[in-house]
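This report concerns only the one structure given below.
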Amino acid sequence: MILRQTKAILVDAYREINAKKLFWITMVLSLVIVAVIAAVGFDEEGVSFLWFDAGFIPIDSTILDKDLFYITLFSSIGISLWLTWIATILALISTSSIIPDLISGGTIETTLSKPISRSRLFLTKYFSGLLFVALQVGVFSVASMIVIGIRSGFWEPKLLIAIPIVLAFFSYLYAVSVLVGMMTKAAMPAILITCLFWALLFGLNITDGILLSFKAQNEIQLEQRTDRIEQIEGNTIRLIQGEMNRSEAGSGDGYIPDEAEIDTRNPLLPRIRADLTNNEESVQSLRHWSRIVYGIKTLLPKTGETAELLNRSLIDPERFPSLAEESAEEDPNTFSVSQEETNRRVDKELRSRSLWWVLGTSFLFEGVIVLFCTWRFTRRDF
Amino acid sequence: MEAVIDVRGVEKMYRRKVHALRGVDLQVGAGEIFGLLGPNGAGKSTLVKVLLTVIKPTKCAGSLLGSKIGDKSTLSQVGYLPEHHNFPKYLTSQQVLRHYGAMAGVDRKTRNKRCDELLEVVNMSEWADHKLGTYSKGMRQRIGIAQALMNDPKLVVLDEPTDGVDPIGRRDIREILLRLKGEGRTVFLNSHLLSELEMVCDRVAIMVHGLMHQQGTINELTSGQSGFVIKTKSAMADDVVEAARNAISDITGDVENEQTKLRFNTSEAGKIQPAIDSLRARGVVIESIGFHRQSLEELFIEAVNESGGGAKPGAQKAKKGARS
């Protein structure tokens with residue numbers, strides 16, 4: 001009987017989704033995105049779109065591997081822009097009414113009068129809501145894999161990992177939508193509050209990124225200044241020792257001048273030391289705030305990092321050609337930080353965050369919300 | 001008679017403020033059509049929802065089909081049509097029946113068979129493939145009844161089944177109810193349409209303010225106020241009435257309608273002859289003499305008035321949010 005009821009709920013969920021125009025609009029748009037990816041050509045001559053040459057994009061297949069180009073296109077346009085933004089908003093709108101409809105007067109009485117436990121009914125209904133996204137992402141990923149396979153000649157089944165990743169990403173937001181739908185019995189507040197919550201997560205991600213970026217910049221400058229000070233001090237000590245040895249042979253061996261003496265010889269050194277102290281304070285402060293943001297994020301679902309998991313699993317950053325320009329001879333005391341190095345460090349730090357932290361704590365958040373909703377559903381009167 | 005529903009002392013308090021049910025006792029026997037009456041807010045739907053696990057009671061002892069109230073597995077033998085039901089409009093009637101059949105645990109083969117049979121029973125076969133969004137209220141009600149019968153239930157609970165149904169549809173529903181009774185099923189009806197209940201119910205109960213006021217067969221409940229009524233052309237003087245009453249010492253006579261009606265609570269015509277003679281002897285002009293049986297409606301209104309809740313809808317200490 002359990003299988004029969006579960007199947008009935010899933011079939012009903014499919015029919016409900018099928019009856020929504022938005023589902024088909026999203027599906028058609030998904031296929032349009034796949035068609036756009038298919039229309040992009042990439043070879044030794046560069047990038048083209050349909051029969052137009054996109055010569056202003058300065059890459060070709062001699063610089064970047066074909067499969068990497070298409071996978072990046074799939075990840076950046078298909079996943080980062082389409083599935084985890086626009087399609088997610090459309091899916092939230094489409095699924096926001098599932099729980100309010102379930103608990104609406106006239107429907108819930110009939111359903112609850114059937115021999116099915118409330119918790120099983122709620123959980124099956126909850127997971128059936130994810131069917132919308134599973135179908136969308138499934139079709140999109142399979143179609144993309146076929147297109148990329150035909151275009152690049154590389155068949156990459158790992159692209160299908162987008163299905164569980166986007167599903168996990170959506171499920172965090174869907175859980176919030178279900179909670180609000182359960183409490184208010186209405187779809188509109190569910191959409192609005194979920195979008196606000198999403199904006200909060202987005203804001204936290206931005207803050208986290210900015211803090212990590214500043215931290216990386218300051219750490220680089222800290223290293224540069226430390227190295228520079230050591231270099232100047234070393235040179236100065238050797239210089240003083242040399243002068244002493246020249247005036248009296250052997251008198252400079254083992255002589256270590258104090259800081260004041262070294263600074264007298266190098267008027268820039270006190271400023272560098274002061275900047276280093278400022279640097280250290282900034283790094284301390286940025287590390288502190290970064291830890292706080294990290295702590296807050298630990299308690300919340302990590303939408304950004306979850307979506308980024310696809311890049312982690314599909315794209316090896318080492319395979320990208322270095323875009324850093326040969327820097328001209330710089331003044332060794334300016335301590336400029338290249339954006340590429342900052343990005344590399346930020347990326348390294350983000351990639352060092354464990355899968356448990358990204359998925360585990362996010363699912364923990366979702367689990368708490370779903371458990372609360374289940375408890376509420378089993379306790380309340382309709 | 002084996003009791004299909006046997007509950008005692010059912011109480012339901014909403015948010016510790018509204019006492020919707022205040023110790024309801026109810027027994028419904030197998031194979032009977034039982035009608036539950038009551039004004040808005042009396043607690044009828046709340047009682048039904050308690051029986052069907054939609055609402056959790058504050059206090060409840062008893063059984064449904066021999067199992068403890070709240071036992072989910074028992075519900076596979078129960079069919080339910082809620083008031084103001086709202087089946088998904090994107091489904092066809094066939095899909096609705098099969099979906100709720102599956103939810104009730106009916107296997108696929110039986111579902112398909114029952115679906116065709118029931119659409120025939122409720123005269124909706126021609127609409128089997130049309131979506132519910134295109135149906136009239138009466139048609140949706142027919143599908144609702146068919147849905148309640150998908151699992152071949154022993155007990156059928158129908159909350160306002162004739163709501164929004166035209167007279168032909170009401171007649172069809174009555175026939176379905178009698179057919180269900182003929183098949184040995186128990187039918188529990190919640191309805192405001194007293195004349196409908198009067199036509200089909202074996203027993204009825206009247207609920208007011210979350211309490212069971214009366215229950216029994218319609219004959220048992222209405223016989224107390226039935227009897228012969230003598231109607232006169234003009235108002236009778238007090239001494240005339242007194243003389244007529246004294247002429248029949250063992251039966252009480254009630255005066256009604258500004259002393260132009262005299263009612264004697266007896267069904268034997270011979271017993272009221274002395275009173276007629278007494279009135280005639282005093283020159284009273286009698287317009288008509290007839291036997292009057294109290295209607296369910298009169299009984300209902302009387303019960304509500306006795307409970308002092310005639311004009312006030314809602315449960316005891318009713319606040320906004322109380323359920324009927």
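Each chain in the structure tokens gets a letter, A, B, ..., in the order shown, and its residues are numbered from 1; ligands are numbered from 1 in order too.
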
Practice problem: Select residues of chain A: the criterion is any atom within 9 Å of an atom of chain B, counting only C-alpha atoms; output as a ChimeraX atom specification. | Solution: /A:1-2,4-9,11-12,15-16,19,104-117,379-382

>> I need the residues of range 9-192 of chain B that end up classed as alpha helix (DSSP H) by DSSP on the backbone, written out as a PyMOL selection string.
In response: chain B and resi 44-51+93-103+108-121+137-148+167-182

Backbone DSSP call of strand (DSSP E or B) for range 83-260 of chain B, listed as a PDB file with N, CA and C atoms, in the first residue's frame:
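Okay, this is what ended up in result-v2.pdb:
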```
ATOM      1  N   THR B  92      -8.996  14.930 -14.479  1.00  0.00           N
ATOM      2  CA  THR B  92     -10.296  14.500 -14.981  1.00  0.00           C
ATOM      3  C   THR B  92     -10.958  13.696 -13.866  1.00  0.00           C
ATOM      4  N   LYS B 131     -11.854  17.610 -17.567  1.00  0.00           N
ATOM      5  CA  LYS B 131     -11.215  18.105 -16.331  1.00  0.00           C
ATOM      6  C   LYS B 131     -12.256  18.711 -15.394  1.00  0.00           C
ATOM      7  N   LEU B 155     -18.150   2.023   5.814  1.00  0.00           N
ATOM      8  CA  LEU B 155     -18.788   3.230   6.353  1.00  0.00           C
ATOM      9  C   LEU B 155     -18.567   4.383   5.376  1.00  0.00           C
ATOM     10  N   VAL B 156     -19.664   5.059   5.015  1.00  0.00           N
ATOM     11  CA  VAL B 156     -19.557   6.206   4.111  1.00  0.00           C
ATOM     12  C   VAL B 156     -19.990   7.452   4.880  1.00  0.00           C
ATOM     13  N   VAL B 157     -19.093   8.421   4.966  1.00  0.00           N
ATOM     14  CA  VAL B 157     -19.397   9.652   5.695  1.00  0.00           C
ATOM     15  C   VAL B 157     -19.537  10.784   4.675  1.00  0.00           C
ATOM     16  N   LEU B 158     -20.718  11.357   4.604  1.00  0.00           N
ATOM     17  CA  LEU B 158     -20.962  12.405   3.609  1.00  0.00           C
ATOM     18  C   LEU B 158     -21.367  13.692   4.316  1.00  0.00           C
ATOM     19  N   ASP B 159     -20.571  14.727   4.103  1.00  0.00           N
ATOM     20  CA  ASP B 159     -20.841  16.017   4.733  1.00  0.00           C
ATOM     21  C   ASP B 159     -21.523  16.907   3.692  1.00  0.00           C
ATOM     22  N   THR B 186     -22.913   1.275   6.017  1.00  0.00           N
ATOM     23  CA  THR B 186     -23.423   2.269   6.950  1.00  0.00           C
ATOM     24  C   THR B 186     -23.172   3.647   6.343  1.00  0.00           C
ATOM     25  N   VAL B 187     -24.189   4.502   6.419  1.00  0.00           N
ATOM     26  CA  VAL B 187     -24.030   5.849   5.854  1.00  0.00           C
ATOM     27  C   VAL B 187     -24.222   6.866   6.977  1.00  0.00           C
ATOM     28  N   PHE B 188     -23.261   7.760   7.087  1.00  0.00           N
ATOM     29  CA  PHE B 188     -23.333   8.823   8.093  1.00  0.00           C
ATOM     30  C   PHE B 188     -23.477  10.134   7.335  1.00  0.00           C
ATOM     31  N   LEU B 189     -24.582  10.820   7.564  1.00  0.00           N
ATOM     32  CA  LEU B 189     -24.862  12.042   6.801  1.00  0.00           C
ATOM     33  C   LEU B 189     -24.824  13.266   7.695  1.00  0.00           C
ATOM     34  N   ASN B 190     -24.207  14.300   7.193  1.00  0.00           N
ATOM     35  CA  ASN B 190     -24.247  15.609   7.836  1.00  0.00           C
ATOM     36  C   ASN B 190     -25.006  16.493   6.882  1.00  0.00           C
ATOM     37  N   ARG B 203     -32.012   6.781  11.571  1.00  0.00           N
ATOM     38  CA  ARG B 203     -31.897   7.454  12.864  1.00  0.00           C
ATOM     39  C   ARG B 203     -31.240   8.809  12.662  1.00  0.00           C
ATOM     40  N   VAL B 204     -31.566   9.728  13.545  1.00  0.00           N
ATOM     41  CA  VAL B 204     -30.922  11.040  13.469  1.00  0.00           C
ATOM     42  C   VAL B 204     -30.471  11.471  14.863  1.00  0.00           C
ATOM     43  N   ALA B 205     -29.561  12.420  14.863  1.00  0.00           N
ATOM     44  CA  ALA B 205     -29.149  13.028  16.131  1.00  0.00           C
ATOM     45  C   ALA B 205     -29.122  14.533  15.912  1.00  0.00           C
ATOM     46  N   ILE B 206     -29.465  15.255  16.935  1.00  0.00           N
ATOM     47  CA  ILE B 206     -29.427  16.718  16.831  1.00  0.00           C
ATOM     48  C   ILE B 206     -28.340  17.220  17.778  1.00  0.00           C
ATOM     49  N   MET B 207     -27.462  18.009  17.213  1.00  0.00           N
ATOM     50  CA  MET B 207     -26.342  18.524  17.990  1.00  0.00           C
ATOM     51  C   MET B 207     -26.459  20.037  18.109  1.00  0.00           C
ATOM     52  N   VAL B 208     -26.311  20.521  19.312  1.00  0.00           N
ATOM     53  CA  VAL B 208     -26.353  21.968  19.525  1.00  0.00           C
ATOM     54  C   VAL B 208     -25.225  22.345  20.489  1.00  0.00           C
ATOM     55  N   LEU B 211     -22.915  19.683  21.917  1.00  0.00           N
ATOM     56  CA  LEU B 211     -23.485  18.608  22.727  1.00  0.00           C
ATOM     57  C   LEU B 211     -24.558  17.885  21.935  1.00  0.00           C
ATOM     58  N   MET B 212     -24.712  16.590  22.178  1.00  0.00           N
ATOM     59  CA  MET B 212     -25.755  15.836  21.506  1.00  0.00           C
ATOM     60  C   MET B 212     -27.049  16.106  22.264  1.00  0.00           C
ATOM     61  N   HIS B 213     -27.992  16.711  21.586  1.00  0.00           N
ATOM     62  CA  HIS B 213     -29.239  17.097  22.251  1.00  0.00           C
ATOM     63  C   HIS B 213     -30.205  15.926  22.299  1.00  0.00           C
ATOM     64  N   GLN B 214     -30.391  15.287  21.147  1.00  0.00           N
ATOM     65  CA  GLN B 214     -31.308  14.153  21.060  1.00  0.00           C
ATOM     66  C   GLN B 214     -30.782  13.188  20.025  1.00  0.00           C
ATOM     67  N   GLN B 215     -31.059  11.911  20.171  1.00  0.00           N
ATOM     68  CA  GLN B 215     -30.821  10.982  19.077  1.00  0.00           C
ATOM     69  C   GLN B 215     -31.774   9.809  19.166  1.00  0.00           C
ATOM     70  N   GLY B 216     -32.156   9.321  18.005  1.00  0.00           N
ATOM     71  CA  GLY B 216     -33.110   8.218  17.941  1.00  0.00           C
ATOM     72  C   GLY B 216     -33.681   8.105  16.544  1.00  0.00           C
ATOM     73  N   THR B 217     -34.692   7.217  16.381  1.00  0.00           N
ATOM     74  CA  THR B 217     -35.320   7.143  15.061  1.00  0.00           C
ATOM     75  C   THR B 217     -36.188   8.394  14.894  1.00  0.00           C
ATOM     76  N   GLY B 227     -49.926  14.670  17.155  1.00  0.00           N
ATOM     77  CA  GLY B 227     -51.265  14.446  17.714  1.00  0.00           C
ATOM     78  C   GLY B 227     -52.350  15.094  16.873  1.00  0.00           C
ATOM     79  N   PHE B 228     -53.582  15.022  17.404  1.00  0.00           N
ATOM     80  CA  PHE B 228     -54.706  15.611  16.664  1.00  0.00           C
ATOM     81  C   PHE B 228     -54.816  17.092  16.989  1.00  0.00           C
ATOM     82  N   VAL B 229     -55.107  17.885  15.959  1.00  0.00           N
ATOM     83  CA  VAL B 229     -55.241  19.331  16.142  1.00  0.00           C
ATOM     84  C   VAL B 229     -56.661  19.734  15.708  1.00  0.00           C
ATOM     85  N   ILE B 230     -57.335  20.406  16.633  1.00  0.00           N
ATOM     86  CA  ILE B 230     -58.682  20.911  16.318  1.00  0.00           C
ATOM     87  C   ILE B 230     -58.533  22.407  16.071  1.00  0.00           C
ATOM     88  N   LYS B 231     -58.967  22.824  14.863  1.00  0.00           N
ATOM     89  CA  LYS B 231     -58.813  24.240  14.530  1.00  0.00           C
ATOM     90  C   LYS B 231     -60.193  24.900  14.518  1.00  0.00           C
ATOM     91  N   THR B 232     -60.297  26.010  15.230  1.00  0.00           N
ATOM     92  CA  THR B 232     -61.599  26.688  15.328  1.00  0.00           C
ATOM     93  C   THR B 232     -61.585  27.966  14.505  1.00  0.00           C
ATOM     94  N   GLY B 253     -53.856  18.758  26.591  1.00  0.00           N
ATOM     95  CA  GLY B 253     -54.263  19.550  25.424  1.00  0.00           C
ATOM     96  C   GLY B 253     -53.550  20.874  25.446  1.00  0.00           C
ATOM     97  N   ASP B 254     -52.863  21.194  24.355  1.00  0.00           N
ATOM     98  CA  ASP B 254     -52.123  22.460  24.298  1.00  0.00           C
ATOM     99  C   ASP B 254     -52.827  23.427  23.368  1.00  0.00           C
ATOM    100  N   VAL B 255     -52.904  24.661  23.827  1.00  0.00           N
ATOM    101  CA  VAL B 255     -53.542  25.693  22.998  1.00  0.00           C
ATOM    102  C   VAL B 255     -52.459  26.403  22.199  1.00  0.00           C
ATOM    103  N   GLU B 256     -52.754  26.634  20.909  1.00  0.00           N
ATOM    104  CA  GLU B 256     -51.773  27.306  20.050  1.00  0.00           C
ATOM    105  C   GLU B 256     -52.456  28.380  19.230  1.00  0.00           C
TER     106      GLU B 256
END
```

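Comparing the minimum interatomic distances between Asp67 in chain A and each of A:Met27, A:Ile256, A:Leu239, A:Leu314, counting only C-alpha atoms, we find that A:Leu314 sits nearest.
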
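Using only C-alpha atoms, the smallest distance between any of A:Ala162, A:Val283, A:Leu92, A:Ile229 and Met188 in chain A comes from A:Leu92.
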
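Distance-wise, CA of Arg185 in chain B and CA of Leu97 in chain B end up 19.6 Å apart.
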
- [ ] Mind checking which residues fall within 9 Å of Gly181 in chain A, counting only C-alpha atoms, ignoring those fewer than 6 positions away in the same chain, and posting them as number ranges by chain?
- [x] A: 96-100, 187-191

Excluding range 292-297 of chain B and any residue of its chain fewer than 3 positions from it, enumerate the residues within 8 Å of it, using only C-alpha atoms, and give them as a list of chain:residue names. B:Leu194, B:Ser195, B:Glu198, B:Ile218, B:Thr222, B:Ser223, B:Gln225, B:Ser226, B:Gly227, B:Phe228, B:Val229, B:Phe300, B:Ile301

Restrict the selected residues to N, CA and C atoms and save them as a compact mmCIF listing (two decimals), in the first residue's frame.
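Done, and the output landed in out.txt:
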```
# COMPACT_ATOMS: atom_id res chain seq x y z
N LEU B 194 -33.14 19.22 6.06
CA LEU B 194 -33.82 18.30 6.96
C LEU B 194 -34.79 17.39 6.23
N SER B 195 -35.44 17.95 5.20
CA SER B 195 -36.41 17.13 4.47
C SER B 195 -35.70 15.97 3.77
N GLU B 198 -34.98 13.40 6.40
CA GLU B 198 -36.24 12.77 6.81
C GLU B 198 -36.60 11.62 5.87
N ILE B 218 -36.55 8.70 13.67
CA ILE B 218 -37.36 9.90 13.44
C ILE B 218 -38.71 9.74 14.14
N THR B 222 -40.07 12.38 16.87
CA THR B 222 -41.17 13.28 16.51
C THR B 222 -42.50 12.89 17.15
N SER B 223 -42.59 11.67 17.66
CA SER B 223 -43.90 11.23 18.18
C SER B 223 -44.34 12.04 19.39
N GLN B 225 -44.42 15.12 19.99
CA GLN B 225 -45.15 16.35 19.68
C GLN B 225 -46.17 16.14 18.56
N SER B 226 -46.49 14.87 18.26
CA SER B 226 -47.49 14.61 17.23
C SER B 226 -48.85 14.39 17.88
N GLY B 227 -49.93 14.67 17.15
CA GLY B 227 -51.26 14.45 17.71
C GLY B 227 -52.35 15.09 16.87
N PHE B 228 -53.58 15.02 17.40
CA PHE B 228 -54.71 15.61 16.66
C PHE B 228 -54.82 17.09 16.99
N VAL B 229 -55.11 17.88 15.96
CA VAL B 229 -55.24 19.33 16.14
C VAL B 229 -56.66 19.73 15.71
N PHE B 300 -36.11 20.12 15.06
CA PHE B 300 -34.79 20.75 15.02
C PHE B 300 -34.85 22.16 15.64
N ILE B 301 -35.85 22.94 15.18
CA ILE B 301 -35.96 24.32 15.68
C ILE B 301 -36.24 24.31 17.18
```

If we count only C-alpha atoms, what is near range 179-183 of chain B at a cut-off of 7 Å, once residues fewer than 4 positions away on the same chain are taken out, given as a list in words? Gly31, Glu32, Ile33 and Glu175 of chain B

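Relative to CA of Lys297 in chain A, CA of Thr361 in chain A is found at 9.1 Å.
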
As a PyMOL selection string, please: the residues near Ile33 in chain A (cut-off 12 Å, only C-alpha atoms, same-chain neighbours under 4 positions excluded). chain A and resi 26-29+37-40+73-79+81-83+86-87+139-141+143-144+147

Output C-alpha atoms for every residue in the selection just made, as a PDB file, in the first residue's frame.
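The new file again_30.pdb reads:
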```pdb
ATOM      1  CA  THR A  26      10.886  26.987 -18.231  1.00  0.00           C
ATOM      2  CA  MET A  27      11.431  23.781 -20.186  1.00  0.00           C
ATOM      3  CA  VAL A  28      11.343  25.617 -23.523  1.00  0.00           C
ATOM      4  CA  LEU A  29      13.714  28.292 -22.197  1.00  0.00           C
ATOM      5  CA  ILE A  37      25.428  26.655 -26.349  1.00  0.00           C
ATOM      6  CA  ALA A  38      25.113  24.530 -29.482  1.00  0.00           C
ATOM      7  CA  ALA A  39      25.285  27.637 -31.663  1.00  0.00           C
ATOM      8  CA  VAL A  40      28.672  28.615 -30.227  1.00  0.00           C
ATOM      9  CA  LEU A  73      30.219  27.675 -21.147  1.00  0.00           C
ATOM     10  CA  PHE A  74      27.829  25.073 -19.702  1.00  0.00           C
ATOM     11  CA  SER A  75      28.845  25.922 -16.149  1.00  0.00           C
ATOM     12  CA  SER A  76      28.822  29.705 -16.473  1.00  0.00           C
ATOM     13  CA  ILE A  77      25.753  30.204 -18.672  1.00  0.00           C
ATOM     14  CA  GLY A  78      23.815  26.989 -18.160  1.00  0.00           C
ATOM     15  CA  ILE A  79      24.291  26.509 -14.434  1.00  0.00           C
ATOM     16  CA  LEU A  81      23.195  32.046 -14.829  1.00  0.00           C
ATOM     17  CA  TRP A  82      20.270  29.931 -15.949  1.00  0.00           C
ATOM     18  CA  LEU A  83      19.645  27.021 -13.572  1.00  0.00           C
ATOM     19  CA  ILE A  86      16.456  32.432 -13.487  1.00  0.00           C
ATOM     20  CA  ALA A  87      15.166  28.843 -13.591  1.00  0.00           C
ATOM     21  CA  VAL A 139      16.531  17.455 -19.447  1.00  0.00           C
ATOM     22  CA  PHE A 140      18.910  20.434 -19.507  1.00  0.00           C
ATOM     23  CA  SER A 141      21.979  18.448 -18.440  1.00  0.00           C
ATOM     24  CA  ALA A 143      20.699  17.864 -23.717  1.00  0.00           C
ATOM     25  CA  SER A 144      23.831  19.876 -22.834  1.00  0.00           C
ATOM     26  CA  VAL A 147      25.417  19.116 -27.542  1.00  0.00           C
TER      27      VAL A 147
END
```

- Excluding same-chain residues fewer than 5 positions from Glu349 in chain A, what lies within 10 Å of it counting only C-alpha atoms, as a VMD selection string? chain A and resid 212 216 343 to 344

Of A:Leu3, A:Ala274, A:Gly250, A:Met244, the one sitting nearest Arg120 in chain A when using only C-alpha atoms is A:Leu3

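Taking CA of Gly210 in chain B and CA of Arg22 in chain B as the two end points, the separation is 5.2 Å.
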